[in-house]
Amino acid sequence: MNTSTARVSDVEKPKHVPTAWITGGSSGIGYAIAQSLTEAGYLVILSARHEEGLRSACANLQTASVKSDYVVMDVSRRSEVNQACHTILARHGRIDVLVNNAGFNVKARKWEDLIPEEFDAVIAANLSGTFYAIHSVLPSMRANGGGMIVNIASLAGKQVNLEGGVAYSVAKHGVVVMSQLLNQSELKHGIRTCVVAPAGVDTPAHAWRPKEVRDLMLKPQDVARAVRFAVETPPHAGIFEIDICSVPRRERT
């Protein structure tokens with residue numbers, strides 16, 4: 001008589017759902033990244049300063065099989081970033097992917113127009129905030145044996161051009177260098193870092209620009225596709241830098 005015995009290994013176990021923490025995730029590029037990673041099967045945790053926007057973004061991201069979460073924080077405040085990381089780990093157990101997207105630029109960009117308080121704020125959000133988030137997740141990623149960090153920089157961080165602005169260019173150059181130093185230090189722990197550097201992206205932050213200019217800019221989904229490509233690259237391979245430029249539109253004949 002044939003009998004069958006189910007082994008422990010045969011019993012279906014709960015599938016691990018990878019988690020991705022996206023700063024500045026309630027709108028624009030961050031929300032497009034959240035949509036893309038949700039489609040890839042990630043549980044995304046969004047963070048930003050305003051709860052209403054985060055709640056709305058999460059409601060739009062919810063699917064039958066994949067949930068989302070949010071944590072309110074100001075990325076320029078180290079204590080809030082550390083608390084956000086602690087909250088995410090307490091709720092979800094791990095952070096597999098960190099996407100540092102939070103940041104902004106100002107209109108007064110050139111030396112003759114600079115406002116010191118705005119300079120400080122741009123550095124705090126784009127550079128210091130990126131460092132705070134990385135510093136907060138590294139211990140848990142090391143303990144888990146690996147992870148992925150994606151830093152959203154800019155072509156302003158790869159070139160020197162006044163159009164990008166003094167503060168923003170300095171901050172994004174710092175993000176690029178920080179990413180390179182992370183790989184030098186953390187690849188041995190299985191932690192890979194990719195810096196994504198897009199040209200101008202048509203987001204609500206650029207609503208003040210003329211429509212004909214915005215029509216020629218990249219779209220948030222362009223950046224999201226690059227992030228997903230880097231995140232889904234197998235652990236044995238590293239995508240360290242992705243530059244994205246808009247190209248001239250072909251005229252239809």
# chains A, B, ... in the order shown; residues from 1 in each chain; ligands from 1
>>> select_by_dssp(residues="stretch 6-183 of chain A", states="strand (DSSP E or B)", output="list of chain:residue names")
A:Thr19, A:Ala20, A:Trp21, A:Ile22, A:Thr23, A:Leu43, A:Val44, A:Ile45, A:Leu46, A:Ser47, A:Ala48, A:Ser68, A:Asp69, A:Tyr70, A:Val71, A:Val72, A:Val97, A:Leu98, A:Val99, A:Asn100, A:Gly147, A:Met148, A:Ile149, A:Val150, A:Asn151, A:Ile152
>>> closest_atom_pairs(of="stretch 23-119 of chain A", to="stretch 158-176 of chain A", cutoff="7 Å", atoms="only C-alpha atoms", output="Markdown table")
| residue | atom | partner | partner_atom | distance |
| --- | --- | --- | --- | --- |
| A:Asn105 | CA | A:Tyr168 | CA | 6.0 |
| A:Arg109 | CA | A:Gly165 | CA | 4.1 |
| A:Lys110 | CA | A:Gly165 | CA | 5.8 |
| A:Phe119 | CA | A:Ala167 | CA | 5.3 |
>>> closest_residue(among="A:Gly129, A:Gly147, A:Gly28, A:Gly93", to="A:Thr233", atoms="only C-alpha atoms")
A:Gly147
>>> residues_around(residues="A:Phe104", least_positions_apart="4", cutoff="10 Å", atoms="only C-alpha atoms", output="count of residues only")
9
>>> select_by_dssp(residues="stretch 3-246 of chain A", states="alpha helix (DSSP H)", output="number ranges by chain")
A: 28-39, 51-61, 78-92, 116-123, 129-144, 166-186, 211-214, 220-232
>>> closest_residue(among="A:Leu46, A:Leu54, A:Val97, A:Leu138", to="A:Ser185", atoms="only C-alpha atoms")
A:Leu138
>>> decode(residues="stretch 8-51 of chain A", atoms="N, CA and C atoms", output="PDB file, in the first residue's frame")
ATOM      1  N   VAL A   8       8.311  18.647   6.088  1.00  0.00           N
ATOM      2  CA  VAL A   8       8.222  20.061   6.438  1.00  0.00           C
ATOM      3  C   VAL A   8       8.542  20.928   5.227  1.00  0.00           C
ATOM      4  N   SER A   9       9.534  20.492   4.428  1.00  0.00           N
ATOM      5  CA  SER A   9       9.948  21.280   3.271  1.00  0.00           C
ATOM      6  C   SER A   9       8.880  21.321   2.190  1.00  0.00           C
ATOM      7  N   ASP A  10       7.938  20.339   2.248  1.00  0.00           N
ATOM      8  CA  ASP A  10       6.887  20.301   1.237  1.00  0.00           C
ATOM      9  C   ASP A  10       5.718  21.214   1.588  1.00  0.00           C
ATOM     10  N   VAL A  11       5.628  21.559   2.852  1.00  0.00           N
ATOM     11  CA  VAL A  11       4.515  22.397   3.285  1.00  0.00           C
ATOM     12  C   VAL A  11       4.734  23.819   2.791  1.00  0.00           C
ATOM     13  N   GLU A  12       3.704  24.377   2.217  1.00  0.00           N
ATOM     14  CA  GLU A  12       3.826  25.732   1.682  1.00  0.00           C
ATOM     15  C   GLU A  12       4.087  26.713   2.810  1.00  0.00           C
ATOM     16  N   LYS A  13       5.150  27.455   2.682  1.00  0.00           N
ATOM     17  CA  LYS A  13       5.526  28.442   3.676  1.00  0.00           C
ATOM     18  C   LYS A  13       5.154  29.830   3.179  1.00  0.00           C
ATOM     19  N   PRO A  14       4.891  30.730   4.125  1.00  0.00           N
ATOM     20  CA  PRO A  14       4.591  32.106   3.704  1.00  0.00           C
ATOM     21  C   PRO A  14       5.737  32.676   2.859  1.00  0.00           C
ATOM     22  N   LYS A  15       5.382  33.255   1.743  1.00  0.00           N
ATOM     23  CA  LYS A  15       6.391  33.807   0.850  1.00  0.00           C
ATOM     24  C   LYS A  15       6.853  35.161   1.361  1.00  0.00           C
ATOM     25  N   HIS A  16       8.174  35.351   1.373  1.00  0.00           N
ATOM     26  CA  HIS A  16       8.710  36.640   1.799  1.00  0.00           C
ATOM     27  C   HIS A  16       8.405  37.693   0.748  1.00  0.00           C
ATOM     28  N   VAL A  17       7.763  38.751   1.173  1.00  0.00           N
ATOM     29  CA  VAL A  17       7.484  39.872   0.286  1.00  0.00           C
ATOM     30  C   VAL A  17       8.564  40.917   0.509  1.00  0.00           C
ATOM     31  N   PRO A  18       9.381  41.211  -0.490  1.00  0.00           N
ATOM     32  CA  PRO A  18      10.454  42.186  -0.306  1.00  0.00           C
ATOM     33  C   PRO A  18       9.892  43.576  -0.034  1.00  0.00           C
ATOM     34  N   THR A  19      10.616  44.325   0.760  1.00  0.00           N
ATOM     35  CA  THR A  19      10.169  45.660   1.150  1.00  0.00           C
ATOM     36  C   THR A  19      11.069  46.726   0.538  1.00  0.00           C
ATOM     37  N   ALA A  20      10.461  47.842   0.181  1.00  0.00           N
ATOM     38  CA  ALA A  20      11.210  48.967  -0.381  1.00  0.00           C
ATOM     39  C   ALA A  20      10.754  50.254   0.302  1.00  0.00           C
ATOM     40  N   TRP A  21      11.685  50.954   0.902  1.00  0.00           N
ATOM     41  CA  TRP A  21      11.413  52.241   1.542  1.00  0.00           C
ATOM     42  C   TRP A  21      11.773  53.343   0.549  1.00  0.00           C
ATOM     43  N   ILE A  22      10.800  54.189   0.231  1.00  0.00           N
ATOM     44  CA  ILE A  22      10.992  55.253  -0.751  1.00  0.00           C
ATOM     45  C   ILE A  22      10.775  56.589  -0.062  1.00  0.00           C
ATOM     46  N   THR A  23      11.827  57.397   0.032  1.00  0.00           N
ATOM     47  CA  THR A  23      11.659  58.722   0.619  1.00  0.00           C
ATOM     48  C   THR A  23      11.129  59.683  -0.448  1.00  0.00           C
ATOM     49  N   GLY A  24      10.351  60.663  -0.009  1.00  0.00           N
ATOM     50  CA  GLY A  24       9.721  61.549  -0.979  1.00  0.00           C
ATOM     51  C   GLY A  24       8.800  60.788  -1.893  1.00  0.00           C
ATOM     52  N   GLY A  25       8.048  59.834  -1.331  1.00  0.00           N
ATOM     53  CA  GLY A  25       7.308  58.884  -2.157  1.00  0.00           C
ATOM     54  C   GLY A  25       5.851  59.207  -2.424  1.00  0.00           C
ATOM     55  N   SER A  26       5.366  60.352  -1.962  1.00  0.00           N
ATOM     56  CA  SER A  26       3.933  60.616  -2.087  1.00  0.00           C
ATOM     57  C   SER A  26       3.523  61.219  -3.426  1.00  0.00           C
ATOM     58  N   SER A  27       4.477  61.696  -4.216  1.00  0.00           N
ATOM     59  CA  SER A  27       4.133  62.320  -5.499  1.00  0.00           C
ATOM     60  C   SER A  27       5.339  62.298  -6.427  1.00  0.00           C
ATOM     61  N   GLY A  28       5.119  62.739  -7.659  1.00  0.00           N
ATOM     62  CA  GLY A  28       6.219  62.905  -8.606  1.00  0.00           C
ATOM     63  C   GLY A  28       7.010  61.637  -8.866  1.00  0.00           C
ATOM     64  N   ILE A  29       8.328  61.793  -8.876  1.00  0.00           N
ATOM     65  CA  ILE A  29       9.220  60.665  -9.161  1.00  0.00           C
ATOM     66  C   ILE A  29       9.043  59.557  -8.129  1.00  0.00           C
ATOM     67  N   GLY A  30       8.964  59.930  -6.866  1.00  0.00           N
ATOM     68  CA  GLY A  30       8.851  58.929  -5.808  1.00  0.00           C
ATOM     69  C   GLY A  30       7.614  58.069  -5.956  1.00  0.00           C
ATOM     70  N   TYR A  31       6.494  58.689  -6.287  1.00  0.00           N
ATOM     71  CA  TYR A  31       5.265  57.910  -6.452  1.00  0.00           C
ATOM     72  C   TYR A  31       5.347  57.005  -7.674  1.00  0.00           C
ATOM     73  N   ALA A  32       5.958  57.496  -8.758  1.00  0.00           N
ATOM     74  CA  ALA A  32       6.129  56.654  -9.945  1.00  0.00           C
ATOM     75  C   ALA A  32       7.008  55.441  -9.624  1.00  0.00           C
ATOM     76  N   ILE A  33       8.041  55.641  -8.815  1.00  0.00           N
ATOM     77  CA  ILE A  33       8.889  54.521  -8.388  1.00  0.00           C
ATOM     78  C   ILE A  33       8.078  53.542  -7.548  1.00  0.00           C
ATOM     79  N   ALA A  34       7.244  54.075  -6.661  1.00  0.00           N
ATOM     80  CA  ALA A  34       6.398  53.215  -5.830  1.00  0.00           C
ATOM     81  C   ALA A  34       5.463  52.372  -6.687  1.00  0.00           C
ATOM     82  N   GLN A  35       4.862  52.978  -7.700  1.00  0.00           N
ATOM     83  CA  GLN A  35       3.991  52.231  -8.611  1.00  0.00           C
ATOM     84  C   GLN A  35       4.765  51.102  -9.294  1.00  0.00           C
ATOM     85  N   SER A  36       5.968  51.422  -9.770  1.00  0.00           N
ATOM     86  CA  SER A  36       6.763  50.437 -10.502  1.00  0.00           C
ATOM     87  C   SER A  36       7.182  49.276  -9.604  1.00  0.00           C
ATOM     88  N   LEU A  37       7.616  49.580  -8.392  1.00  0.00           N
ATOM     89  CA  LEU A  37       8.063  48.512  -7.488  1.00  0.00           C
ATOM     90  C   LEU A  37       6.885  47.717  -6.936  1.00  0.00           C
ATOM     91  N   THR A  38       5.724  48.357  -6.787  1.00  0.00           N
ATOM     92  CA  THR A  38       4.525  47.611  -6.406  1.00  0.00           C
ATOM     93  C   THR A  38       4.183  46.590  -7.479  1.00  0.00           C
ATOM     94  N   GLU A  39       4.270  47.022  -8.735  1.00  0.00           N
ATOM     95  CA  GLU A  39       4.016  46.096  -9.848  1.00  0.00           C
ATOM     96  C   GLU A  39       5.028  44.953  -9.858  1.00  0.00           C
ATOM     97  N   ALA A  40       6.220  45.207  -9.349  1.00  0.00           N
ATOM     98  CA  ALA A  40       7.259  44.173  -9.300  1.00  0.00           C
ATOM     99  C   ALA A  40       7.102  43.258  -8.090  1.00  0.00           C
ATOM    100  N   GLY A  41       6.089  43.518  -7.248  1.00  0.00           N
ATOM    101  CA  GLY A  41       5.825  42.636  -6.117  1.00  0.00           C
ATOM    102  C   GLY A  41       6.370  43.103  -4.786  1.00  0.00           C
ATOM    103  N   TYR A  42       6.834  44.336  -4.722  1.00  0.00           N
ATOM    104  CA  TYR A  42       7.391  44.863  -3.470  1.00  0.00           C
ATOM    105  C   TYR A  42       6.292  45.456  -2.595  1.00  0.00           C
ATOM    106  N   LEU A  43       6.468  45.307  -1.300  1.00  0.00           N
ATOM    107  CA  LEU A  43       5.693  46.077  -0.340  1.00  0.00           C
ATOM    108  C   LEU A  43       6.427  47.388  -0.180  1.00  0.00           C
ATOM    109  N   VAL A  44       5.815  48.477  -0.598  1.00  0.00           N
ATOM    110  CA  VAL A  44       6.496  49.764  -0.553  1.00  0.00           C
ATOM    111  C   VAL A  44       6.068  50.542   0.683  1.00  0.00           C
ATOM    112  N   ILE A  45       7.035  51.167   1.308  1.00  0.00           N
ATOM    113  CA  ILE A  45       6.789  52.046   2.443  1.00  0.00           C
ATOM    114  C   ILE A  45       7.220  53.434   2.024  1.00  0.00           C
ATOM    115  N   LEU A  46       6.280  54.352   2.015  1.00  0.00           N
ATOM    116  CA  LEU A  46       6.544  55.709   1.567  1.00  0.00           C
ATOM    117  C   LEU A  46       6.797  56.615   2.767  1.00  0.00           C
ATOM    118  N   SER A  47       7.649  57.597   2.574  1.00  0.00           N
ATOM    119  CA  SER A  47       7.826  58.608   3.608  1.00  0.00           C
ATOM    120  C   SER A  47       7.879  59.984   2.959  1.00  0.00           C
ATOM    121  N   ALA A  48       7.336  60.948   3.669  1.00  0.00           N
ATOM    122  CA  ALA A  48       7.331  62.345   3.253  1.00  0.00           C
ATOM    123  C   ALA A  48       6.846  63.157   4.454  1.00  0.00           C
ATOM    124  N   ARG A  49       6.732  64.460   4.275  1.00  0.00           N
ATOM    125  CA  ARG A  49       6.395  65.322   5.407  1.00  0.00           C
ATOM    126  C   ARG A  49       4.901  65.408   5.693  1.00  0.00           C
ATOM    127  N   HIS A  50       4.065  65.172   4.678  1.00  0.00           N
ATOM    128  CA  HIS A  50       2.640  65.442   4.828  1.00  0.00           C
ATOM    129  C   HIS A  50       1.843  64.140   4.776  1.00  0.00           C
ATOM    130  N   GLU A  51       1.122  63.876   5.866  1.00  0.00           N
ATOM    131  CA  GLU A  51       0.399  62.601   5.989  1.00  0.00           C
ATOM    132  C   GLU A  51      -0.712  62.465   4.964  1.00  0.00           C
TER     133      GLU A  51
END
